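Chemist: For reference, the file structure12.cif (mmCIF, C-alpha atoms) is included below:
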data_data
#
loop_
_atom_site.group_PDB
_atom_site.id
_atom_site.type_symbol
_atom_site.label_atom_id
_atom_site.label_comp_id
_atom_site.auth_asym_id
_atom_site.auth_seq_id
_atom_site.Cartn_x
_atom_site.Cartn_y
_atom_site.Cartn_z
ATOM 1 C CA MET A 12 -5.893 11.194 -25.998
ATOM 2 C CA SER A 13 -4.147 7.805 -26.241
ATOM 3 C CA GLN A 14 -5.428 4.658 -24.590
ATOM 4 C CA SER A 15 -2.521 4.666 -22.134
ATOM 5 C CA GLN A 16 -3.495 8.165 -20.997
ATOM 6 C CA THR A 17 -7.167 7.316 -20.500
ATOM 7 C CA HIS A 18 -6.517 4.082 -18.579
ATOM 8 C CA LYS A 19 -3.769 5.181 -16.194
ATOM 9 C CA GLN A 20 -3.831 3.423 -12.878
ATOM 10 C CA HIS A 21 -1.654 3.949 -9.877
ATOM 11 C CA VAL A 22 1.430 1.806 -9.393
ATOM 12 C CA THR A 23 3.142 0.625 -6.260
ATOM 13 C CA LEU A 24 6.803 0.105 -5.514
ATOM 14 C CA VAL A 25 7.012 -2.826 -3.079
ATOM 15 C CA ILE A 26 10.260 -2.690 -1.101
ATOM 16 C CA THR A 27 11.345 -5.525 1.165
ATOM 17 C CA HIS A 28 14.036 -5.059 3.812
ATOM 18 C CA LYS A 29 15.404 -7.626 6.242
ATOM 19 C CA VAL A 30 16.848 -5.554 9.055
ATOM 20 C CA ALA A 31 19.898 -6.765 10.976
ATOM 21 C CA PRO A 32 19.215 -7.763 14.605
ATOM 22 C CA ALA A 33 19.319 -4.865 17.089
ATOM 23 C CA ARG A 34 19.284 -2.301 14.223
ATOM 24 C CA GLU A 35 15.503 -1.798 14.138
ATOM 25 C CA ALA A 36 15.570 1.570 15.938
ATOM 26 C CA GLU A 37 18.105 2.941 13.442
ATOM 27 C CA TYR A 38 16.019 1.543 10.610
ATOM 28 C CA GLU A 39 12.863 3.218 11.944
ATOM 29 C CA THR A 40 14.766 6.524 12.066
ATOM 30 C CA TRP A 41 15.777 5.994 8.433
ATOM 31 C CA LEU A 42 12.137 5.257 7.488
ATOM 32 C CA ASN A 43 11.067 8.529 9.091
ATOM 33 C CA LYS A 44 13.655 10.282 6.942
ATOM 34 C CA ILE A 45 12.878 8.644 3.575
ATOM 35 C CA MET A 46 9.061 8.782 3.681
ATOM 36 C CA PRO A 47 8.815 12.599 3.581
ATOM 37 C CA GLN A 48 11.487 12.640 0.849
ATOM 38 C CA ALA A 49 9.394 10.378 -1.396
ATOM 39 C CA SER A 50 6.344 12.585 -0.865
ATOM 40 C CA THR A 51 8.115 15.545 -2.505
ATOM 41 C CA PHE A 52 8.180 13.756 -5.886
ATOM 42 C CA PRO A 53 5.404 14.408 -8.434
ATOM 43 C CA GLY A 54 2.549 11.915 -8.421
ATOM 44 C CA HIS A 55 3.298 10.526 -4.954
ATOM 45 C CA LEU A 56 0.120 9.000 -3.462
ATOM 46 C CA GLY A 57 1.338 7.706 -0.120
ATOM 47 C CA VAL A 58 3.459 5.206 1.758
ATOM 48 C CA ASN A 59 2.454 2.264 3.917
ATOM 49 C CA VAL A 60 4.873 0.297 6.061
ATOM 50 C CA ILE A 61 4.042 -3.265 7.049
ATOM 51 C CA ARG A 62 6.232 -3.940 10.039
ATOM 52 C CA PRO A 63 7.284 -7.483 10.872
ATOM 53 C CA SER A 64 4.958 -9.382 13.165
ATOM 54 C CA ARG A 65 7.895 -11.212 14.718
ATOM 55 C CA SER A 66 11.608 -10.614 15.059
ATOM 56 C CA GLY A 67 13.641 -11.505 11.986
ATOM 57 C CA ASP A 68 10.787 -11.024 9.500
ATOM 58 C CA ALA A 69 11.061 -8.447 6.747
ATOM 59 C CA TYR A 70 9.680 -4.934 6.602
ATOM 60 C CA THR A 71 7.513 -4.291 3.538
ATOM 61 C CA ILE A 72 7.193 -0.715 2.318
ATOM 62 C CA LEU A 73 4.506 0.176 -0.232
ATOM 63 C CA VAL A 74 5.176 3.438 -2.077
ATOM 64 C CA ARG A 75 2.337 4.462 -4.398
ATOM 65 C CA PHE A 76 2.545 6.812 -7.383
ATOM 66 C CA ASP A 77 -0.053 7.912 -9.900
ATOM 67 C CA THR A 78 1.935 6.721 -12.947
ATOM 68 C CA LEU A 79 4.800 4.392 -13.753
ATOM 69 C CA GLU A 80 6.780 7.368 -15.059
ATOM 70 C CA ASN A 81 6.518 9.199 -11.736
ATOM 71 C CA LEU A 82 7.376 6.049 -9.779
ATOM 72 C CA ASN A 83 10.445 5.512 -11.980
ATOM 73 C CA ALA A 84 11.521 9.131 -11.414
ATOM 74 C CA TRP A 85 11.569 8.439 -7.652
ATOM 75 C CA HIS A 86 12.993 4.918 -7.917
ATOM 76 C CA LYS A 87 15.901 5.996 -10.136
ATOM 77 C CA SER A 88 16.542 9.317 -8.424
ATOM 78 C CA ASP A 89 19.918 10.215 -6.950
ATOM 79 C CA LEU A 90 18.164 11.023 -3.672
ATOM 80 C CA ARG A 91 16.707 7.515 -3.349
ATOM 81 C CA LYS A 92 20.055 5.932 -4.295
ATOM 82 C CA GLN A 93 21.755 8.002 -1.590
ATOM 83 C CA LEU A 94 19.148 6.963 1.005
ATOM 84 C CA VAL A 95 19.425 3.273 0.016
ATOM 85 C CA ASP A 96 23.224 3.484 0.374
ATOM 86 C CA GLU A 97 22.649 5.003 3.805
ATOM 87 C CA VAL A 98 20.400 2.146 4.979
ATOM 88 C CA SER A 99 22.445 -0.715 3.497
ATOM 89 C CA PRO A 100 24.620 -1.260 6.612
ATOM 90 C CA LEU A 101 21.406 -1.854 8.612
ATOM 91 C CA LEU A 102 20.157 -4.623 6.291
ATOM 92 C CA LEU A 103 20.908 -8.349 6.150
ATOM 93 C CA GLN A 104 20.261 -8.384 2.381
ATOM 94 C CA SER A 105 20.318 -5.728 -0.306
ATOM 95 C CA ASP A 106 17.313 -3.562 -1.088
ATOM 96 C CA SER A 107 14.666 -5.714 -2.864
ATOM 97 C CA THR A 108 12.092 -3.904 -5.008
ATOM 98 C CA GLU A 109 9.195 -4.849 -7.259
ATOM 99 C CA VAL A 110 6.694 -2.718 -9.171
ATOM 100 C CA ARG A 111 3.018 -3.727 -8.964
ATOM 101 C CA PRO A 112 0.193 -2.126 -10.953
ATOM 102 C CA GLY A 113 -3.078 -1.080 -9.345
ATOM 103 C CA ALA A 114 -4.035 -2.468 -5.949
ATOM 104 C CA GLU A 115 -3.005 -6.106 -6.424
ATOM 105 C CA PHE A 116 -0.299 -5.778 -3.764
ATOM 106 C CA TRP A 117 -2.752 -5.931 -0.847
ATOM 107 C CA PHE A 118 -2.742 -9.722 -0.669
ATOM 108 C CA THR A 119 0.684 -10.466 -2.147
ATOM 109 C CA PRO A 120 3.058 -12.042 0.369
ATOM 110 C CA PRO A 121 6.265 -10.156 1.150
ATOM 111 C CA SER A 122 8.543 -13.155 0.603
ATOM 112 C CA ALA A 123 8.742 -16.576 -1.019
ATOM 113 C CA THR A 124 8.447 -18.329 2.357
ATOM 114 C CA VAL A 125 4.994 -16.863 2.920
ATOM 115 C CA ARG A 126 2.061 -18.276 0.984
ATOM 116 C CA PRO A 127 -0.663 -15.955 -0.264
ATOM 117 C CA PRO A 128 -3.633 -15.880 2.086
ATOM 118 C CA ALA A 129 -6.498 -18.226 1.359
ATOM 119 C CA ARG A 130 -9.016 -16.703 -1.040
ATOM 120 C CA TRP A 131 -11.755 -16.884 1.583
ATOM 121 C CA LYS A 132 -9.610 -14.684 3.876
ATOM 122 C CA GLN A 133 -9.090 -12.194 1.042
ATOM 123 C CA TYR A 134 -12.840 -12.258 0.399
ATOM 124 C CA LEU A 135 -13.736 -11.654 4.066
ATOM 125 C CA LEU A 136 -11.337 -8.748 4.502
ATOM 126 C CA THR A 137 -12.391 -7.150 1.231
ATOM 127 C CA LEU A 138 -16.052 -7.529 2.221
ATOM 128 C CA LEU A 139 -15.185 -6.061 5.634
ATOM 129 C CA VAL A 140 -14.107 -2.801 3.981
ATOM 130 C CA ILE A 141 -16.449 -2.705 0.964
ATOM 131 C CA TYR A 142 -19.757 -3.439 2.721
ATOM 132 C CA PRO A 143 -19.711 -0.590 5.253
ATOM 133 C CA SER A 144 -18.144 1.817 2.740
ATOM 134 C CA THR A 145 -20.905 1.254 0.184
ATOM 135 C CA HIS A 146 -23.494 2.095 2.857
ATOM 136 C CA ILE A 147 -21.781 4.969 4.647
ATOM 137 C CA VAL A 148 -20.581 6.882 1.572
ATOM 138 C CA PRO A 149 -23.997 7.278 -0.154
ATOM 139 C CA TRP A 150 -25.532 8.252 3.180
ATOM 140 C CA PHE A 151 -22.768 10.845 3.732
ATOM 141 C CA TRP A 152 -23.058 12.399 0.260
ATOM 142 C CA GLY A 153 -26.862 12.268 0.525
ATOM 143 C CA LEU A 154 -26.643 14.573 3.539
ATOM 144 C CA PHE A 155 -24.430 17.122 1.821
ATOM 145 C CA LEU A 156 -25.506 16.804 -1.829
ATOM 146 C CA PRO A 157 -29.059 15.426 -1.847
ATOM 147 C CA GLN A 158 -29.624 16.786 -5.365
ATOM 148 C CA LEU A 159 -27.132 14.199 -6.728
ATOM 149 C CA LYS A 160 -29.030 11.183 -5.360
ATOM 150 C CA GLY A 161 -29.782 8.740 -8.176
ATOM 151 C CA THR A 162 -27.870 10.741 -10.824
ATOM 152 C CA GLU A 163 -24.800 9.643 -12.795
ATOM 153 C CA GLY A 164 -22.792 12.326 -10.989
ATOM 154 C CA GLY A 165 -23.963 10.968 -7.651
ATOM 155 C CA HIS A 166 -23.038 7.396 -8.597
ATOM 156 C CA LEU A 167 -19.605 8.546 -9.793
ATOM 157 C CA LEU A 168 -19.005 10.507 -6.582
ATOM 158 C CA ASN A 169 -20.072 7.528 -4.442
ATOM 159 C CA ASP A 170 -17.942 5.044 -6.412
ATOM 160 C CA ALA A 171 -14.883 7.319 -6.445
ATOM 161 C CA SER A 172 -15.229 7.911 -2.704
ATOM 162 C CA VAL A 173 -15.570 4.185 -1.914
ATOM 163 C CA VAL A 174 -12.530 3.287 -4.031
ATOM 164 C CA ALA A 175 -10.454 6.070 -2.455
ATOM 165 C CA LEU A 176 -11.429 4.973 1.063
ATOM 166 C CA VAL A 177 -10.645 1.327 0.317
ATOM 167 C CA VAL A 178 -7.305 1.939 -1.402
ATOM 168 C CA PHE A 179 -5.910 4.757 0.702
ATOM 169 C CA LEU A 180 -7.443 4.190 4.131
ATOM 170 C CA TRP A 181 -9.158 0.884 4.907
ATOM 171 C CA MET A 182 -6.985 -1.725 3.142
ATOM 172 C CA PRO A 183 -3.688 -0.406 4.560
ATOM 173 C CA ILE A 184 -5.222 -0.495 8.044
ATOM 174 C CA ILE A 185 -6.981 -3.867 7.644
ATOM 175 C CA THR A 186 -3.983 -5.665 6.118
ATOM 176 C CA ARG A 187 -1.752 -4.315 8.893
ATOM 177 C CA VAL A 188 -4.195 -5.291 11.667
ATOM 178 C CA PHE A 189 -4.805 -8.776 10.223
ATOM 179 C CA HIS A 190 -1.224 -9.340 9.017
ATOM 180 C CA SER A 191 -0.553 -12.350 11.271
ATOM 181 C CA TRP A 192 -3.855 -13.976 10.317
ATOM 182 C CA LEU A 193 -3.235 -13.414 6.611
ATOM 183 C CA THR A 194 0.357 -14.648 6.436
ATOM 184 C CA ARG A 195 1.286 -18.274 6.757
ATOM 185 C CA THR A 196 4.907 -19.357 6.653
ATOM 186 C CA THR A 197 5.667 -22.312 4.365
ATOM 187 C CA ALA A 198 9.008 -23.179 5.988
ATOM 188 C CA GLN A 199 9.817 -22.533 9.618
#
I'd like the structure from this file rewritten - as structure tokens, please.
Modeler:
Amino acid sequence: MSQSQTHKQHVTLVITHKVAPAREAEYETWLNKIMPQASTFPGHLGVNVIRPSRSGDAYTILVRFDTLENLNAWHKSDLRKQLVDEVSPLLLQSDSTEVRPGAEFWFTPPSATVRPPARWKQYLLTLLVIYPSTHIVPWFWGLFLPQLKGTEGGHLLNDASVVALVVFLWMPIITRVFHSWLTRTTAQ
């Protein structure tokens, strides 16, 4: 097995859309159409939509895949091209995309006018999801699989569960809930 196969990490397609005024409802309908389409592609791990906190701000869509190859298959597909052509009349600017490895996208601002959040804010929110997860998960697995307590298998199960909860559940929720607190505009 090659090194690239043993160290695969998920990748995220970060899509930014500035929706034309009064076209948000049509755009939301389009989102509801494209999200299930993306999920039919191999390796799809989920979609998160960060909606603008105020009118005129951009939508940020995070589409996760298990490998770069699977993400590229979706990104370059005829279906996606057709759906992007469909949404273009609703946008102020063309479709903007960027590929990010791993989970680094959580604290990356959606545009150049927004500074990254202060490191202490990143620290607090990460601690907010890690601390309870590292206590609840071992307790949970201890109830159902007490024979694994203190074993390598138990540690692996706990760690894998914590990472899955953080990446797929808690961070999407936390970054959406604290979006206004995290983002600071550099130019008004």
Chemist: If we count only C-alpha atoms and set the cut-off at 7 Å, which residues sit around region 96-104 of chain A, ignoring sequence neighbours fewer than 4 positions away in its own chain? Please answer as a list of chain:residue names.
Modeler: A:His28, A:Lys29, A:Val30, A:Ala31, A:Arg34, A:Tyr38, A:Trp41, A:Lys92
Chemist: Would you mind telling me which residue in A:Gly153, A:Pro143, A:Gly164, A:Pro128 lies nearest to Leu193 (chain A) when using all atoms listed in the file?
Modeler: A:Pro128
Chemist: So, counting all atoms listed in the file, which residue among A:Lys132, A:Arg187, A:His146, A:His86 is closest to Glu109 (chain A)?
Modeler: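 Checking each candidate against Glu109 (chain A), we get A:His86 as the closest.
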Chemist: Ile45 (chain A): which residues within 10 Å, counting all atoms listed in the file, same-chain residues fewer than 6 positions away excluded, as a list in words?
Modeler: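 The neighbour list is Glu39, Leu90, Arg91, Leu94 and Val95 of chain A.
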Chemist: Could you expand the PyMOL selection byres ((chain A and resi 69) around 8) into the explicit residues it covers here, written as an NGL selection string?
Modeler: :A and (27-30 or 62-63 or 67-68 or 70-71 or 121)
Chemist: Tell me which of A:Gln133, A:Asn81, A:Gln93, A:Ser172 sits closest to Trp152 (chain A), counting only C-alpha atoms.
Modeler: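 Looking at the shortest contact to Trp152 (chain A), the residue is A:Ser172.
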Chemist: Which of these, A:Val22, A:Leu73, A:Leu42, A:Val178, has the shortest distance to Thr137 (chain A) once you count only C-alpha atoms?
Modeler: A:Val178
Chemist: Please compute the CA of Val177 (chain A)-CA of His55 (chain A) distance, one decimal, in Å.
Modeler: 17.5 Å
Chemist: Could you give me the centre and size, in Å to one decimal, of an axis-aligned box around all listed atoms of region 42-48 of chain A with 3 Å added on every side, as lines of an AutoDock Vina configuration file?
Modeler:
center_x = 11.2
center_y = 8.9
center_z = 5.0
size_x = 10.8
size_y = 13.4
size_z = 14.2
Chemist: Can you save region 31-179 of chain A of the given block to a file, including C-alpha atoms and formatted as a PDB file, in the first residue's frame?
Modeler:
ATOM      1  CA  ALA A  31     -28.568  38.759  -6.033  1.00  0.00           C
ATOM      2  CA  PRO A  32     -30.987  40.783  -3.869  1.00  0.00           C
ATOM      3  CA  ALA A  33     -34.507  39.321  -3.639  1.00  0.00           C
ATOM      4  CA  ARG A  34     -33.319  36.009  -5.191  1.00  0.00           C
ATOM      5  CA  GLU A  35     -32.602  34.219  -1.899  1.00  0.00           C
ATOM      6  CA  ALA A  36     -35.764  32.078  -1.984  1.00  0.00           C
ATOM      7  CA  GLU A  37     -34.916  30.828  -5.484  1.00  0.00           C
ATOM      8  CA  TYR A  38     -31.362  30.181  -4.355  1.00  0.00           C
ATOM      9  CA  GLU A  39     -32.555  28.167  -1.343  1.00  0.00           C
ATOM     10  CA  THR A  40     -34.702  26.068  -3.700  1.00  0.00           C
ATOM     11  CA  TRP A  41     -31.619  25.459  -5.851  1.00  0.00           C
ATOM     12  CA  LEU A  42     -29.611  24.439  -2.750  1.00  0.00           C
ATOM     13  CA  ASN A  43     -32.293  21.903  -1.858  1.00  0.00           C
ATOM     14  CA  LYS A  44     -31.934  20.482  -5.357  1.00  0.00           C
ATOM     15  CA  ILE A  45     -28.120  20.291  -5.562  1.00  0.00           C
ATOM     16  CA  MET A  46     -27.381  18.874  -2.091  1.00  0.00           C
ATOM     17  CA  PRO A  47     -29.082  15.499  -2.687  1.00  0.00           C
ATOM     18  CA  GLN A  48     -27.425  15.338  -6.127  1.00  0.00           C
ATOM     19  CA  ALA A  49     -23.948  15.653  -4.596  1.00  0.00           C
ATOM     20  CA  SER A  50     -24.745  12.911  -2.087  1.00  0.00           C
ATOM     21  CA  THR A  51     -25.207  10.373  -4.905  1.00  0.00           C
ATOM     22  CA  PHE A  52     -21.507  10.601  -5.847  1.00  0.00           C
ATOM     23  CA  PRO A  53     -19.021   8.078  -4.406  1.00  0.00           C
ATOM     24  CA  GLY A  54     -17.156   9.203  -1.303  1.00  0.00           C
ATOM     25  CA  HIS A  55     -19.586  11.999  -0.416  1.00  0.00           C
ATOM     26  CA  LEU A  56     -19.361  12.764   3.328  1.00  0.00           C
ATOM     27  CA  GLY A  57     -21.841  15.596   3.724  1.00  0.00           C
ATOM     28  CA  VAL A  58     -22.716  19.201   3.008  1.00  0.00           C
ATOM     29  CA  ASN A  59     -22.880  22.195   5.319  1.00  0.00           C
ATOM     30  CA  VAL A  60     -24.305  25.554   4.322  1.00  0.00           C
ATOM     31  CA  ILE A  61     -23.223  28.680   6.169  1.00  0.00           C
ATOM     32  CA  ARG A  62     -25.934  31.189   5.428  1.00  0.00           C
ATOM     33  CA  PRO A  63     -25.172  34.900   5.508  1.00  0.00           C
ATOM     34  CA  SER A  64     -25.642  36.592   8.852  1.00  0.00           C
ATOM     35  CA  ARG A  65     -26.758  39.787   7.139  1.00  0.00           C
ATOM     36  CA  SER A  66     -28.206  40.715   3.777  1.00  0.00           C
ATOM     37  CA  GLY A  67     -25.662  40.990   0.981  1.00  0.00           C
ATOM     38  CA  ASP A  68     -23.126  38.609   2.551  1.00  0.00           C
ATOM     39  CA  ALA A  69     -22.113  35.439   0.758  1.00  0.00           C
ATOM     40  CA  TYR A  70     -23.364  31.906   1.236  1.00  0.00           C
ATOM     41  CA  THR A  71     -20.581  29.403   1.936  1.00  0.00           C
ATOM     42  CA  ILE A  72     -21.204  25.771   1.043  1.00  0.00           C
ATOM     43  CA  LEU A  73     -18.852  23.075   2.353  1.00  0.00           C
ATOM     44  CA  VAL A  74     -19.029  19.815   0.396  1.00  0.00           C
ATOM     45  CA  ARG A  75     -16.900  17.041   1.902  1.00  0.00           C
ATOM     46  CA  PHE A  76     -15.566  13.950   0.129  1.00  0.00           C
ATOM     47  CA  ASP A  77     -13.365  11.120   1.329  1.00  0.00           C
ATOM     48  CA  THR A  78     -10.686  11.645  -1.356  1.00  0.00           C
ATOM     49  CA  LEU A  79      -9.553  14.319  -3.773  1.00  0.00           C
ATOM     50  CA  GLU A  80     -10.355  11.972  -6.660  1.00  0.00           C
ATOM     51  CA  ASN A  81     -13.981  11.617  -5.569  1.00  0.00           C
ATOM     52  CA  LEU A  82     -14.311  15.362  -4.978  1.00  0.00           C
ATOM     53  CA  ASN A  83     -12.916  16.040  -8.463  1.00  0.00           C
ATOM     54  CA  ALA A  84     -15.394  13.557  -9.971  1.00  0.00           C
ATOM     55  CA  TRP A  85     -18.245  15.630  -8.482  1.00  0.00           C
ATOM     56  CA  HIS A  86     -16.654  19.025  -9.150  1.00  0.00           C
ATOM     57  CA  LYS A  87     -15.986  18.263 -12.826  1.00  0.00           C
ATOM     58  CA  SER A  88     -19.185  16.328 -13.454  1.00  0.00           C
ATOM     59  CA  ASP A  89     -21.655  17.324 -16.154  1.00  0.00           C
ATOM     60  CA  LEU A  90     -24.398  17.298 -13.518  1.00  0.00           C
ATOM     61  CA  ARG A  91     -22.634  19.898 -11.360  1.00  0.00           C
ATOM     62  CA  LYS A  92     -21.858  22.053 -14.419  1.00  0.00           C
ATOM     63  CA  GLN A  93     -25.538  21.943 -15.385  1.00  0.00           C
ATOM     64  CA  LEU A  94     -26.614  22.923 -11.850  1.00  0.00           C
ATOM     65  CA  VAL A  95     -24.061  25.775 -11.711  1.00  0.00           C
ATOM     66  CA  ASP A  96     -25.358  27.070 -15.065  1.00  0.00           C
ATOM     67  CA  GLU A  97     -28.850  26.912 -13.587  1.00  0.00           C
ATOM     68  CA  VAL A  98     -27.933  29.012 -10.530  1.00  0.00           C
ATOM     69  CA  SER A  99     -25.780  31.588 -12.345  1.00  0.00           C
ATOM     70  CA  PRO A 100     -28.655  34.030 -13.053  1.00  0.00           C
ATOM     71  CA  LEU A 101     -29.301  34.187  -9.280  1.00  0.00           C
ATOM     72  CA  LEU A 102     -25.712  35.200  -8.438  1.00  0.00           C
ATOM     73  CA  LEU A 103     -23.969  38.581  -8.408  1.00  0.00           C
ATOM     74  CA  GLN A 104     -20.621  36.914  -9.208  1.00  0.00           C
ATOM     75  CA  SER A 105     -19.651  33.627 -10.796  1.00  0.00           C
ATOM     76  CA  ASP A 106     -19.332  30.422  -8.805  1.00  0.00           C
ATOM     77  CA  SER A 107     -16.173  30.632  -6.622  1.00  0.00           C
ATOM     78  CA  THR A 108     -14.634  27.352  -5.452  1.00  0.00           C
ATOM     79  CA  GLU A 109     -11.600  26.261  -3.465  1.00  0.00           C
ATOM     80  CA  VAL A 110     -10.428  22.823  -2.341  1.00  0.00           C
ATOM     81  CA  ARG A 111      -9.253  22.472   1.274  1.00  0.00           C
ATOM     82  CA  PRO A 112      -7.685  19.342   2.772  1.00  0.00           C
ATOM     83  CA  GLY A 113      -8.778  17.929   6.116  1.00  0.00           C
ATOM     84  CA  ALA A 114     -10.748  20.098   8.523  1.00  0.00           C
ATOM     85  CA  GLU A 115      -8.832  23.372   8.159  1.00  0.00           C
ATOM     86  CA  PHE A 116     -11.869  25.080   6.622  1.00  0.00           C
ATOM     87  CA  TRP A 117     -13.680  25.485   9.955  1.00  0.00           C
ATOM     88  CA  PHE A 118     -12.001  28.785  10.788  1.00  0.00           C
ATOM     89  CA  THR A 119     -11.199  30.046   7.289  1.00  0.00           C
ATOM     90  CA  PRO A 120     -13.118  33.202   6.390  1.00  0.00           C
ATOM     91  CA  PRO A 121     -15.441  33.028   3.385  1.00  0.00           C
ATOM     92  CA  SER A 122     -14.065  36.167   1.733  1.00  0.00           C
ATOM     93  CA  ALA A 123     -11.091  38.518   1.653  1.00  0.00           C
ATOM     94  CA  THR A 124     -13.023  41.221   3.527  1.00  0.00           C
ATOM     95  CA  VAL A 125     -13.395  38.981   6.565  1.00  0.00           C
ATOM     96  CA  ARG A 126     -10.390  38.398   8.797  1.00  0.00           C
ATOM     97  CA  PRO A 127      -9.819  34.979  10.330  1.00  0.00           C
ATOM     98  CA  PRO A 128     -11.141  34.788  13.875  1.00  0.00           C
ATOM     99  CA  ALA A 129      -8.721  35.495  16.682  1.00  0.00           C
ATOM    100  CA  ARG A 130      -6.842  32.379  17.766  1.00  0.00           C
ATOM    101  CA  TRP A 131      -8.324  32.594  21.255  1.00  0.00           C
ATOM    102  CA  LYS A 132     -11.825  32.369  19.709  1.00  0.00           C
ATOM    103  CA  GLN A 133     -10.759  29.327  17.680  1.00  0.00           C
ATOM    104  CA  TYR A 134      -9.306  27.813  20.854  1.00  0.00           C
ATOM    105  CA  LEU A 135     -12.480  28.413  22.898  1.00  0.00           C
ATOM    106  CA  LEU A 136     -14.815  26.952  20.289  1.00  0.00           C
ATOM    107  CA  THR A 137     -12.580  23.947  19.708  1.00  0.00           C
ATOM    108  CA  LEU A 138     -12.372  23.370  23.470  1.00  0.00           C
ATOM    109  CA  LEU A 139     -16.164  23.754  23.646  1.00  0.00           C
ATOM    110  CA  VAL A 140     -16.598  20.713  21.390  1.00  0.00           C
ATOM    111  CA  ILE A 141     -13.550  18.634  22.378  1.00  0.00           C
ATOM    112  CA  TYR A 142     -13.900  18.781  26.176  1.00  0.00           C
ATOM    113  CA  PRO A 143     -17.423  17.359  26.486  1.00  0.00           C
ATOM    114  CA  SER A 144     -16.834  14.881  23.645  1.00  0.00           C
ATOM    115  CA  THR A 145     -13.757  13.394  25.318  1.00  0.00           C
ATOM    116  CA  HIS A 146     -15.811  12.810  28.481  1.00  0.00           C
ATOM    117  CA  ILE A 147     -19.111  11.663  27.000  1.00  0.00           C
ATOM    118  CA  VAL A 148     -17.723   9.257  24.385  1.00  0.00           C
ATOM    119  CA  PRO A 149     -15.657   7.048  26.762  1.00  0.00           C
ATOM    120  CA  TRP A 150     -18.579   6.979  29.186  1.00  0.00           C
ATOM    121  CA  PHE A 151     -20.946   5.957  26.354  1.00  0.00           C
ATOM    122  CA  TRP A 152     -18.699   3.179  25.015  1.00  0.00           C
ATOM    123  CA  GLY A 153     -17.967   2.059  28.588  1.00  0.00           C
ATOM    124  CA  LEU A 154     -21.674   1.348  29.032  1.00  0.00           C
ATOM    125  CA  PHE A 155     -21.976  -0.714  25.868  1.00  0.00           C
ATOM    126  CA  LEU A 156     -18.491  -2.244  25.560  1.00  0.00           C
ATOM    127  CA  PRO A 157     -16.975  -2.326  29.055  1.00  0.00           C
ATOM    128  CA  GLN A 158     -14.533  -5.054  27.989  1.00  0.00           C
ATOM    129  CA  LEU A 159     -12.718  -2.507  25.757  1.00  0.00           C
ATOM    130  CA  LYS A 160     -11.970  -0.073  28.600  1.00  0.00           C
ATOM    131  CA  GLY A 161      -8.237   0.645  28.741  1.00  0.00           C
ATOM    132  CA  THR A 162      -7.419  -1.420  25.620  1.00  0.00           C
ATOM    133  CA  GLU A 163      -5.947  -0.174  22.333  1.00  0.00           C
ATOM    134  CA  GLY A 164      -9.238  -1.049  20.632  1.00  0.00           C
ATOM    135  CA  GLY A 165     -11.123   0.997  23.205  1.00  0.00           C
ATOM    136  CA  HIS A 166      -8.817   3.994  22.748  1.00  0.00           C
ATOM    137  CA  LEU A 167      -9.169   3.754  18.959  1.00  0.00           C
ATOM    138  CA  LEU A 168     -12.966   3.548  19.200  1.00  0.00           C
ATOM    139  CA  ASN A 169     -13.082   6.543  21.568  1.00  0.00           C
ATOM    140  CA  ASP A 170     -10.720   8.637  19.418  1.00  0.00           C
ATOM    141  CA  ALA A 171     -12.510   7.763  16.168  1.00  0.00           C
ATOM    142  CA  SER A 172     -15.870   8.595  17.743  1.00  0.00           C
ATOM    143  CA  VAL A 173     -14.657  11.956  19.107  1.00  0.00           C
ATOM    144  CA  VAL A 174     -13.151  12.962  15.753  1.00  0.00           C
ATOM    145  CA  ALA A 175     -16.312  11.937  13.885  1.00  0.00           C
ATOM    146  CA  LEU A 176     -18.521  13.899  16.292  1.00  0.00           C
ATOM    147  CA  VAL A 177     -16.314  16.988  16.053  1.00  0.00           C
ATOM    148  CA  VAL A 178     -15.944  16.969  12.265  1.00  0.00           C
ATOM    149  CA  PHE A 179     -19.407  15.881  11.202  1.00  0.00           C
TER     150      PHE A 179
END
